[in-house]
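Text of final.txt (compact mmCIF, N, CA and C atoms) as supplied:
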```txt
# COMPACT_ATOMS: atom_id res chain seq x y z
N GLN A 893 -22.04 -5.69 1.66
CA GLN A 893 -22.07 -4.39 1.02
C GLN A 893 -20.86 -3.58 1.51
N VAL A 894 -20.19 -2.93 0.57
CA VAL A 894 -19.02 -2.15 0.90
C VAL A 894 -19.42 -0.81 1.50
N GLN A 895 -18.75 -0.44 2.57
CA GLN A 895 -18.95 0.88 3.16
C GLN A 895 -17.59 1.48 3.48
N LEU A 896 -17.48 2.77 3.22
CA LEU A 896 -16.25 3.50 3.52
C LEU A 896 -16.62 4.71 4.38
N VAL A 897 -15.90 4.88 5.48
CA VAL A 897 -16.19 5.99 6.39
C VAL A 897 -14.91 6.77 6.63
N GLU A 898 -14.90 8.03 6.20
CA GLU A 898 -13.72 8.87 6.38
C GLU A 898 -13.81 9.66 7.68
N SER A 899 -12.65 10.04 8.15
CA SER A 899 -12.55 10.93 9.31
C SER A 899 -11.20 11.62 9.26
N GLY A 900 -11.04 12.63 10.09
CA GLY A 900 -9.74 13.28 10.23
C GLY A 900 -9.59 14.63 9.57
N GLY A 901 -10.61 15.08 8.86
CA GLY A 901 -10.51 16.40 8.25
C GLY A 901 -10.58 17.49 9.31
N GLY A 902 -10.37 18.72 8.85
CA GLY A 902 -10.44 19.84 9.77
C GLY A 902 -9.80 21.07 9.17
N SER A 903 -9.57 22.04 10.03
CA SER A 903 -8.94 23.29 9.61
C SER A 903 -7.51 23.34 10.13
N VAL A 904 -6.62 23.79 9.27
CA VAL A 904 -5.21 23.85 9.63
C VAL A 904 -4.58 25.03 8.91
N GLN A 905 -3.49 25.53 9.45
CA GLN A 905 -2.80 26.64 8.80
C GLN A 905 -1.83 26.13 7.74
N VAL A 906 -1.48 27.01 6.83
CA VAL A 906 -0.51 26.68 5.79
C VAL A 906 0.76 26.11 6.43
N GLY A 907 1.22 25.01 5.86
CA GLY A 907 2.41 24.35 6.38
C GLY A 907 2.11 23.26 7.39
N GLY A 908 0.87 23.18 7.82
CA GLY A 908 0.50 22.18 8.82
C GLY A 908 0.26 20.81 8.23
N SER A 909 -0.16 19.88 9.09
CA SER A 909 -0.37 18.49 8.69
C SER A 909 -1.72 17.99 9.18
N LEU A 910 -2.25 17.03 8.45
CA LEU A 910 -3.46 16.31 8.84
C LEU A 910 -3.32 14.88 8.38
N ARG A 911 -4.01 13.97 9.07
CA ARG A 911 -4.08 12.59 8.63
C ARG A 911 -5.54 12.20 8.49
N LEU A 912 -5.90 11.83 7.27
CA LEU A 912 -7.25 11.36 7.02
C LEU A 912 -7.29 9.84 7.14
N SER A 913 -8.41 9.34 7.64
CA SER A 913 -8.61 7.89 7.77
C SER A 913 -9.83 7.48 6.98
N CYS A 914 -9.80 6.26 6.49
CA CYS A 914 -10.93 5.70 5.75
C CYS A 914 -11.08 4.24 6.17
N GLU A 915 -12.10 3.99 6.97
CA GLU A 915 -12.32 2.62 7.44
C GLU A 915 -13.25 1.90 6.47
N ALA A 916 -12.77 0.76 5.98
CA ALA A 916 -13.52 0.00 4.99
C ALA A 916 -14.16 -1.23 5.62
N SER A 917 -15.42 -1.45 5.31
CA SER A 917 -16.08 -2.68 5.71
C SER A 917 -16.67 -3.33 4.47
N GLY A 918 -16.64 -4.67 4.46
CA GLY A 918 -17.16 -5.38 3.30
C GLY A 918 -16.24 -5.31 2.11
N TYR A 919 -15.00 -4.91 2.32
CA TYR A 919 -14.05 -4.76 1.23
C TYR A 919 -12.68 -5.20 1.69
N SER A 920 -12.00 -5.98 0.87
CA SER A 920 -10.67 -6.46 1.23
C SER A 920 -9.59 -5.53 0.70
N THR A 921 -8.74 -5.06 1.61
CA THR A 921 -7.62 -4.21 1.20
C THR A 921 -6.41 -5.03 0.79
N THR A 922 -6.58 -6.36 0.80
CA THR A 922 -5.45 -7.23 0.43
C THR A 922 -5.72 -8.09 -0.80
N ALA A 923 -6.96 -8.22 -1.21
CA ALA A 923 -7.30 -9.09 -2.34
C ALA A 923 -6.66 -8.59 -3.63
N MET A 924 -6.07 -9.52 -4.38
CA MET A 924 -5.41 -9.17 -5.64
C MET A 924 -6.42 -8.51 -6.57
N GLY A 925 -5.96 -7.46 -7.22
CA GLY A 925 -6.82 -6.74 -8.17
C GLY A 925 -7.55 -5.56 -7.56
N ASN A 926 -7.66 -5.58 -6.23
CA ASN A 926 -8.33 -4.44 -5.57
C ASN A 926 -7.38 -3.25 -5.47
N PHE A 927 -7.96 -2.08 -5.44
CA PHE A 927 -7.18 -0.88 -5.22
C PHE A 927 -8.09 0.19 -4.65
N MET A 928 -7.50 1.17 -4.03
CA MET A 928 -8.25 2.27 -3.43
C MET A 928 -7.57 3.59 -3.76
N GLY A 929 -8.33 4.63 -3.65
CA GLY A 929 -7.78 5.94 -3.95
C GLY A 929 -8.36 7.01 -3.05
N TRP A 930 -7.63 8.11 -2.96
CA TRP A 930 -8.11 9.33 -2.33
C TRP A 930 -8.33 10.38 -3.43
N PHE A 931 -9.47 10.98 -3.40
CA PHE A 931 -9.81 12.05 -4.33
C PHE A 931 -10.15 13.30 -3.54
N ARG A 932 -10.14 14.43 -4.21
CA ARG A 932 -10.59 15.67 -3.58
C ARG A 932 -11.36 16.50 -4.60
N GLN A 933 -12.23 17.32 -4.07
CA GLN A 933 -13.02 18.20 -4.93
C GLN A 933 -13.23 19.54 -4.24
N ALA A 934 -12.75 20.57 -4.89
CA ALA A 934 -12.94 21.94 -4.41
C ALA A 934 -14.18 22.52 -5.10
N PRO A 935 -14.82 23.52 -4.49
CA PRO A 935 -16.02 24.11 -5.09
C PRO A 935 -15.75 24.60 -6.51
N GLY A 936 -16.62 24.18 -7.43
CA GLY A 936 -16.49 24.61 -8.81
C GLY A 936 -15.45 23.88 -9.63
N LYS A 937 -14.82 22.89 -9.03
CA LYS A 937 -13.78 22.14 -9.75
C LYS A 937 -14.15 20.68 -9.87
N GLU A 938 -13.49 20.00 -10.79
CA GLU A 938 -13.73 18.57 -10.97
C GLU A 938 -13.05 17.77 -9.86
N ARG A 939 -13.57 16.58 -9.64
CA ARG A 939 -12.96 15.69 -8.65
C ARG A 939 -11.58 15.25 -9.17
N GLU A 940 -10.60 15.35 -8.30
CA GLU A 940 -9.21 15.07 -8.68
C GLU A 940 -8.65 13.94 -7.84
N GLY A 941 -8.04 12.96 -8.49
CA GLY A 941 -7.38 11.89 -7.77
C GLY A 941 -6.04 12.36 -7.23
N VAL A 942 -5.77 12.10 -5.96
CA VAL A 942 -4.51 12.56 -5.39
C VAL A 942 -3.56 11.43 -5.01
N ALA A 943 -4.09 10.27 -4.66
CA ALA A 943 -3.21 9.16 -4.28
C ALA A 943 -3.95 7.84 -4.43
N PHE A 944 -3.17 6.80 -4.77
CA PHE A 944 -3.76 5.50 -5.07
C PHE A 944 -2.87 4.40 -4.49
N ILE A 945 -3.50 3.28 -4.12
CA ILE A 945 -2.73 2.16 -3.61
C ILE A 945 -3.29 0.87 -4.16
N LEU A 946 -2.39 -0.02 -4.61
CA LEU A 946 -2.78 -1.29 -5.19
C LEU A 946 -2.71 -2.37 -4.12
N ALA A 947 -3.80 -3.07 -3.90
CA ALA A 947 -3.85 -4.10 -2.87
C ALA A 947 -2.87 -5.22 -3.16
N GLY A 948 -2.35 -5.78 -2.10
CA GLY A 948 -1.49 -6.94 -2.25
C GLY A 948 -0.05 -6.61 -2.54
N SER A 949 0.20 -5.49 -3.23
CA SER A 949 1.57 -5.15 -3.60
C SER A 949 2.12 -4.00 -2.76
N GLY A 950 1.21 -3.19 -2.21
CA GLY A 950 1.65 -2.01 -1.48
C GLY A 950 2.11 -0.90 -2.40
N TYR A 951 1.95 -1.08 -3.69
CA TYR A 951 2.39 -0.07 -4.65
C TYR A 951 1.50 1.16 -4.52
N THR A 952 2.13 2.33 -4.45
CA THR A 952 1.37 3.57 -4.31
C THR A 952 1.78 4.56 -5.38
N GLU A 953 0.91 5.50 -5.58
CA GLU A 953 1.16 6.55 -6.57
C GLU A 953 0.46 7.81 -6.11
N SER A 954 1.11 8.95 -6.35
CA SER A 954 0.52 10.24 -5.99
C SER A 954 0.50 11.15 -7.20
N SER A 955 -0.42 12.08 -7.20
CA SER A 955 -0.48 13.04 -8.29
C SER A 955 0.65 14.05 -8.14
N ASP A 956 0.99 14.70 -9.21
CA ASP A 956 2.08 15.67 -9.19
C ASP A 956 1.80 16.81 -8.20
N SER A 957 0.54 17.15 -8.02
CA SER A 957 0.20 18.28 -7.16
C SER A 957 0.45 18.01 -5.68
N VAL A 958 0.59 16.75 -5.29
CA VAL A 958 0.79 16.43 -3.88
C VAL A 958 2.04 15.60 -3.63
N LYS A 959 2.74 15.26 -4.70
CA LYS A 959 3.91 14.38 -4.57
C LYS A 959 4.94 14.99 -3.62
N GLY A 960 5.43 14.15 -2.73
CA GLY A 960 6.41 14.61 -1.74
C GLY A 960 5.78 15.20 -0.50
N ARG A 961 4.47 15.45 -0.53
CA ARG A 961 3.78 16.02 0.62
C ARG A 961 2.73 15.08 1.20
N PHE A 962 2.05 14.33 0.35
CA PHE A 962 0.99 13.42 0.79
C PHE A 962 1.48 11.98 0.64
N THR A 963 1.07 11.14 1.58
CA THR A 963 1.42 9.72 1.53
C THR A 963 0.18 8.89 1.80
N ILE A 964 -0.06 7.92 0.94
CA ILE A 964 -1.18 6.99 1.14
C ILE A 964 -0.64 5.72 1.76
N VAL A 965 -1.33 5.28 2.81
CA VAL A 965 -0.87 4.11 3.56
C VAL A 965 -2.10 3.29 3.92
N GLU A 966 -1.94 1.97 3.97
CA GLU A 966 -3.06 1.18 4.45
C GLU A 966 -2.60 0.27 5.58
N ASP A 967 -3.48 0.10 6.56
CA ASP A 967 -3.25 -0.82 7.67
C ASP A 967 -4.21 -1.98 7.45
N ASN A 968 -3.68 -3.07 6.90
CA ASN A 968 -4.54 -4.19 6.54
C ASN A 968 -5.15 -4.86 7.76
N SER A 969 -4.49 -4.79 8.89
CA SER A 969 -5.03 -5.41 10.11
C SER A 969 -6.29 -4.69 10.58
N LYS A 970 -6.42 -3.41 10.18
CA LYS A 970 -7.59 -2.63 10.57
C LYS A 970 -8.51 -2.35 9.38
N ASN A 971 -8.13 -2.83 8.20
CA ASN A 971 -8.90 -2.54 6.99
C ASN A 971 -9.12 -1.04 6.83
N THR A 972 -8.08 -0.29 7.10
CA THR A 972 -8.18 1.17 7.09
C THR A 972 -7.12 1.78 6.18
N LEU A 973 -7.56 2.77 5.43
CA LEU A 973 -6.69 3.52 4.53
C LEU A 973 -6.44 4.89 5.14
N TYR A 974 -5.22 5.38 4.97
CA TYR A 974 -4.87 6.69 5.51
C TYR A 974 -4.30 7.58 4.41
N LEU A 975 -4.44 8.88 4.61
CA LEU A 975 -3.76 9.86 3.77
C LEU A 975 -3.06 10.84 4.70
N GLN A 976 -1.76 10.71 4.78
CA GLN A 976 -0.96 11.63 5.59
C GLN A 976 -0.64 12.84 4.72
N MET A 977 -1.06 14.01 5.18
CA MET A 977 -0.88 15.23 4.41
C MET A 977 0.03 16.18 5.18
N ASN A 978 1.17 16.50 4.61
CA ASN A 978 2.13 17.41 5.22
C ASN A 978 2.32 18.64 4.34
N ALA A 979 2.90 19.67 4.91
CA ALA A 979 3.20 20.90 4.17
C ALA A 979 1.98 21.38 3.39
N LEU A 980 0.85 21.45 4.08
CA LEU A 980 -0.40 21.79 3.41
C LEU A 980 -0.39 23.21 2.87
N LYS A 981 -1.05 23.36 1.73
CA LYS A 981 -1.16 24.66 1.07
C LYS A 981 -2.64 25.05 1.00
N GLN A 982 -2.89 26.32 0.77
CA GLN A 982 -4.28 26.76 0.65
C GLN A 982 -4.97 26.06 -0.52
N THR A 983 -4.23 25.75 -1.55
CA THR A 983 -4.79 25.06 -2.71
C THR A 983 -5.19 23.62 -2.42
N ASP A 984 -4.83 23.10 -1.24
CA ASP A 984 -5.25 21.75 -0.84
C ASP A 984 -6.65 21.76 -0.23
N THR A 985 -7.21 22.94 -0.01
CA THR A 985 -8.54 23.05 0.56
C THR A 985 -9.57 22.40 -0.36
N ALA A 986 -10.31 21.43 0.17
CA ALA A 986 -11.27 20.67 -0.63
C ALA A 986 -11.99 19.67 0.26
N MET A 987 -13.01 19.05 -0.30
CA MET A 987 -13.63 17.89 0.33
C MET A 987 -12.83 16.68 -0.16
N TYR A 988 -12.43 15.83 0.76
CA TYR A 988 -11.62 14.66 0.43
C TYR A 988 -12.46 13.39 0.58
N TYR A 989 -12.32 12.51 -0.40
CA TYR A 989 -13.08 11.27 -0.44
C TYR A 989 -12.13 10.09 -0.62
N CYS A 990 -12.43 8.99 0.06
CA CYS A 990 -11.76 7.74 -0.29
C CYS A 990 -12.73 6.93 -1.14
N ALA A 991 -12.17 6.04 -1.94
CA ALA A 991 -12.99 5.28 -2.86
C ALA A 991 -12.38 3.91 -3.11
N ALA A 992 -13.24 2.94 -3.36
CA ALA A 992 -12.81 1.57 -3.64
C ALA A 992 -12.99 1.30 -5.13
N GLY A 993 -11.91 0.84 -5.76
CA GLY A 993 -11.94 0.63 -7.19
C GLY A 993 -12.53 -0.70 -7.62
N ARG A 994 -13.03 -0.73 -8.83
CA ARG A 994 -13.52 -1.99 -9.41
C ARG A 994 -12.31 -2.88 -9.67
N PRO A 995 -12.38 -4.14 -9.27
CA PRO A 995 -11.22 -5.03 -9.41
C PRO A 995 -10.63 -5.03 -10.82
N TRP A 996 -9.30 -5.02 -10.87
CA TRP A 996 -8.55 -5.13 -12.12
C TRP A 996 -8.70 -3.92 -13.03
N GLN A 997 -9.10 -2.79 -12.49
CA GLN A 997 -9.20 -1.55 -13.26
C GLN A 997 -8.09 -0.57 -12.89
N TRP A 998 -7.01 -1.07 -12.34
CA TRP A 998 -5.91 -0.21 -11.87
C TRP A 998 -5.41 0.73 -12.96
N ALA A 999 -5.39 0.26 -14.19
CA ALA A 999 -4.87 1.09 -15.29
C ALA A 999 -5.66 2.39 -15.43
N SER A 1000 -6.89 2.40 -14.96
CA SER A 1000 -7.74 3.60 -15.07
C SER A 1000 -7.96 4.25 -13.71
N ARG A 1001 -7.03 4.07 -12.80
CA ARG A 1001 -7.21 4.50 -11.41
C ARG A 1001 -7.49 5.98 -11.26
N ARG A 1002 -7.06 6.81 -12.17
CA ARG A 1002 -7.25 8.25 -12.04
C ARG A 1002 -8.67 8.69 -12.41
N SER A 1003 -9.45 7.80 -12.98
CA SER A 1003 -10.82 8.13 -13.38
C SER A 1003 -11.79 7.79 -12.27
N PRO A 1004 -12.57 8.76 -11.78
CA PRO A 1004 -13.58 8.45 -10.76
C PRO A 1004 -14.56 7.38 -11.21
N ALA A 1005 -14.72 7.21 -12.52
CA ALA A 1005 -15.72 6.27 -13.03
C ALA A 1005 -15.43 4.81 -12.69
N VAL A 1006 -14.15 4.49 -12.36
CA VAL A 1006 -13.84 3.08 -12.09
C VAL A 1006 -13.94 2.74 -10.61
N TYR A 1007 -14.46 3.64 -9.81
CA TYR A 1007 -14.63 3.39 -8.38
C TYR A 1007 -16.11 3.13 -8.09
N HIS A 1008 -16.36 2.02 -7.39
CA HIS A 1008 -17.76 1.63 -7.20
C HIS A 1008 -18.34 2.10 -5.87
N THR A 1009 -17.49 2.47 -4.93
CA THR A 1009 -17.99 2.90 -3.62
C THR A 1009 -17.18 4.10 -3.15
N TRP A 1010 -17.89 5.08 -2.62
CA TRP A 1010 -17.26 6.30 -2.12
C TRP A 1010 -17.66 6.54 -0.67
N GLY A 1011 -16.74 7.13 0.07
CA GLY A 1011 -17.09 7.57 1.40
C GLY A 1011 -17.90 8.85 1.34
N GLN A 1012 -18.29 9.32 2.51
CA GLN A 1012 -19.15 10.51 2.58
C GLN A 1012 -18.37 11.81 2.42
N GLY A 1013 -17.05 11.73 2.53
CA GLY A 1013 -16.21 12.90 2.39
C GLY A 1013 -15.87 13.54 3.73
N THR A 1014 -14.71 14.17 3.78
CA THR A 1014 -14.30 14.91 4.96
C THR A 1014 -13.63 16.21 4.48
N GLN A 1015 -14.01 17.31 5.10
CA GLN A 1015 -13.56 18.62 4.64
C GLN A 1015 -12.18 18.95 5.20
N VAL A 1016 -11.32 19.43 4.32
CA VAL A 1016 -10.00 19.94 4.72
C VAL A 1016 -9.93 21.40 4.30
N THR A 1017 -9.65 22.26 5.27
CA THR A 1017 -9.54 23.69 5.00
C THR A 1017 -8.18 24.18 5.47
N VAL A 1018 -7.43 24.77 4.56
CA VAL A 1018 -6.10 25.29 4.88
C VAL A 1018 -6.12 26.80 4.75
N SER A 1019 -5.76 27.48 5.82
CA SER A 1019 -5.81 28.93 5.81
C SER A 1019 -4.44 29.53 6.13
N SER A 1020 -4.28 30.77 5.71
CA SER A 1020 -2.99 31.44 5.94
C SER A 1020 -2.94 32.05 7.32
```
Can the structure in the file be given as structure tokens, please?
Amino acid sequence: QVQLVESGGGSVQVGGSLRLSCEASGYSTTAMGNFMGWFRQAPGKEREGVAFILAGSGYTESSDSVKGRFTIVEDNSKNTLYLQMNALKQTDTAMYYCAAGRPWQWASRRSPAVYHTWGQGTQVTVSS
């Protein structure tokens, strides 16, 4: 059974940095066709995909709202996914989730519907 456990959230001032971690068990971060993503959801808003990584290729993609500031990285030796967040803004305040995608659904990576397992979430709060 796949399990994802996030950590690393917290409170930070505008311009600061945080690194989120997502430890995966029962899931291969290297198997062809697999992919993972980081999503966030602020109160009253829809869940938004912010970064994605395709297993086996190391190919990554970020949403326009975080491009140049957030980086998704995976450590295959630890089966752990990271989201390095720099130059944080107040608009980045949200609950952040990692998720494991259904194999071979990369084309629909931005849709939460193609992810079969979600972590419990970790809160990120950015204040001025």
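In this structure, atom CA of A:Gln893 sits 7.2 Å away from atom N of A:Tyr919.
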*Per DSSP on the backbone, what are the strand (DSSP E) residues of chain A, as a PyMOL selection string?*
chain A and resi 895-899+902-905+910-917+927-933+940-946+952-954+962-967+972-977+986-993+1007-1010+1014-1019
_Neighbour list for A:Leu912 as a ChimeraX atom specification, cut-off 7 Å, all atoms listed in the file, skip fewer than 5 positions in-chain_ = /A:898-901,973-977
As JSON, please: the centre and edge lengths in Å, to one decimal, of an axis-aligned box enclosing every listed atom of stretch 961-977 of chain A with 4 Å added on each side.
```
{"center_x": -2.3, "center_y": 5.4, "center_z": 5.0, "size_x": 21.6, "size_y": 29.6, "size_z": 19.1}
```
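Pairwise distance (atom CA of A:Tyr951, atom CA of A:Ser920) equals 15.7 Å.
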*In Å, rounded to a single decimal, give me how far atom CA of A:Ser1003 is from atom CA of A:Asp967.*
24.1 Å
*asked:* Which residues are close to A:Ser1019, i.e. within 6 Å by only C-alpha atoms, leaving aside same-chain residues fewer than 6 positions away? Reply as an MDAnalysis selection string.
replied: chainID A and resid 905:906 982
_Point (-10.0, 11.3, -0.8) neighbourhood (8 Å, only N, CA and C atoms) written as a PyMOL selection string_ = chain A and resi 929-933+940-943+975+987-991+1011+1013-1014
*Which residue out of A:Phe927, A:Asn978, A:Tyr1007, A:Gly907 has the minimum interatomic distance to A:Ser1020 when all atoms listed in the file are used?*
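Result for the nearest residue to A:Ser1020: A:Gly907.
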*Looking only at the backbone, which of the residues in chain A does DSSP tag as helix (DSSP H, G or I), as number ranges by chain?*
A: 982-984, 998-1000, 1004-1006
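Within the 7 Å cut-off around A:Ser903, using all atoms listed in the file and omitting residues fewer than 5 positions from it on the same chain, the listed residues are Gln1015, Val1016, Thr1017, Val1018 and Ser1019 of chain A.
Distance annotation: of A:Ser969, A:Gln997, A:Gln1012, A:Ser917, the residue with the minimal separation from A:Leu946 is A:Gln997; atom set is only C-alpha atoms.
Using only C-alpha atoms, the nearest neighbour of A:Thr972 within the list A:Val958, A:Ala947, A:Ala916, A:Ala986 is A:Ala916.
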*For A:Thr921, which residue among A:Thr963, A:Ser949, A:Asn971, A:Ser957 is the nearest when counting only C-alpha atoms?*
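That would be A:Asn971, the residue with the smallest distance to A:Thr921.
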*asked:* Using all atoms listed in the file, can you tell me which of A:Gly902, A:Gly925, A:Gly908, A:Gly918 comes closest to A:Trp998?
replied: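 The closest residue to A:Trp998 is A:Gly925.
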Slice of the block: stretch 987-1001 of chain A, N, CA, C and O atoms, as a short mmCIF file (atom, residue, chain, number, x, y, z; two decimals), in the first residue's frame:
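part-v1.cif written:
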```
data_model
loop_
_atom_site.label_atom_id
_atom_site.label_comp_id
_atom_site.auth_asym_id
_atom_site.auth_seq_id
_atom_site.Cartn_x
_atom_site.Cartn_y
_atom_site.Cartn_z
N MET A 987 -2.02 24.96 2.44
CA MET A 987 -1.67 23.61 2.83
C MET A 987 -1.05 22.96 1.60
O MET A 987 -1.62 23.03 0.50
N TYR A 988 0.10 22.33 1.77
CA TYR A 988 0.81 21.71 0.66
C TYR A 988 0.73 20.19 0.78
O TYR A 988 0.91 19.62 1.87
N TYR A 989 0.48 19.55 -0.36
CA TYR A 989 0.32 18.11 -0.42
C TYR A 989 1.23 17.53 -1.48
O TYR A 989 1.35 18.10 -2.57
N CYS A 990 1.82 16.38 -1.20
CA CYS A 990 2.45 15.62 -2.28
C CYS A 990 1.48 14.52 -2.68
O CYS A 990 0.62 14.10 -1.89
N ALA A 991 1.64 14.06 -3.91
CA ALA A 991 0.72 13.07 -4.44
C ALA A 991 1.42 12.17 -5.45
O ALA A 991 2.34 12.63 -6.14
N ALA A 992 0.97 10.93 -5.51
CA ALA A 992 1.51 9.95 -6.45
C ALA A 992 0.52 9.74 -7.58
O ALA A 992 -0.66 9.45 -7.33
N GLY A 993 1.01 9.89 -8.81
CA GLY A 993 0.12 9.81 -9.96
C GLY A 993 -0.14 8.39 -10.43
O GLY A 993 0.67 7.49 -10.22
N ARG A 994 -1.27 8.21 -11.09
CA ARG A 994 -1.57 6.92 -11.71
C ARG A 994 -0.62 6.73 -12.89
O ARG A 994 -0.45 7.64 -13.70
N PRO A 995 -0.01 5.56 -13.00
CA PRO A 995 0.99 5.34 -14.05
C PRO A 995 0.48 5.72 -15.44
O PRO A 995 -0.66 5.44 -15.80
N TRP A 996 1.37 6.36 -16.20
CA TRP A 996 1.12 6.71 -17.60
C TRP A 996 0.04 7.77 -17.78
O TRP A 996 -0.47 7.92 -18.88
N GLN A 997 -0.25 8.53 -16.74
CA GLN A 997 -1.21 9.63 -16.83
C GLN A 997 -0.51 10.99 -16.81
O GLN A 997 -1.12 12.01 -16.47
N TRP A 998 0.76 11.03 -17.16
CA TRP A 998 1.55 12.25 -17.09
C TRP A 998 0.89 13.41 -17.85
O TRP A 998 0.97 14.55 -17.44
N ALA A 999 0.26 13.09 -18.97
CA ALA A 999 -0.35 14.15 -19.79
C ALA A 999 -1.40 14.93 -19.00
O ALA A 999 -1.68 16.09 -19.31
N SER A 1000 -1.96 14.32 -17.97
CA SER A 1000 -3.00 14.98 -17.16
C SER A 1000 -2.48 15.34 -15.78
O SER A 1000 -3.26 15.45 -14.83
N ARG A 1001 -1.19 15.56 -15.66
CA ARG A 1001 -0.55 15.75 -14.35
C ARG A 1001 -1.12 16.91 -13.56
O ARG A 1001 -1.02 16.92 -12.35
#
```
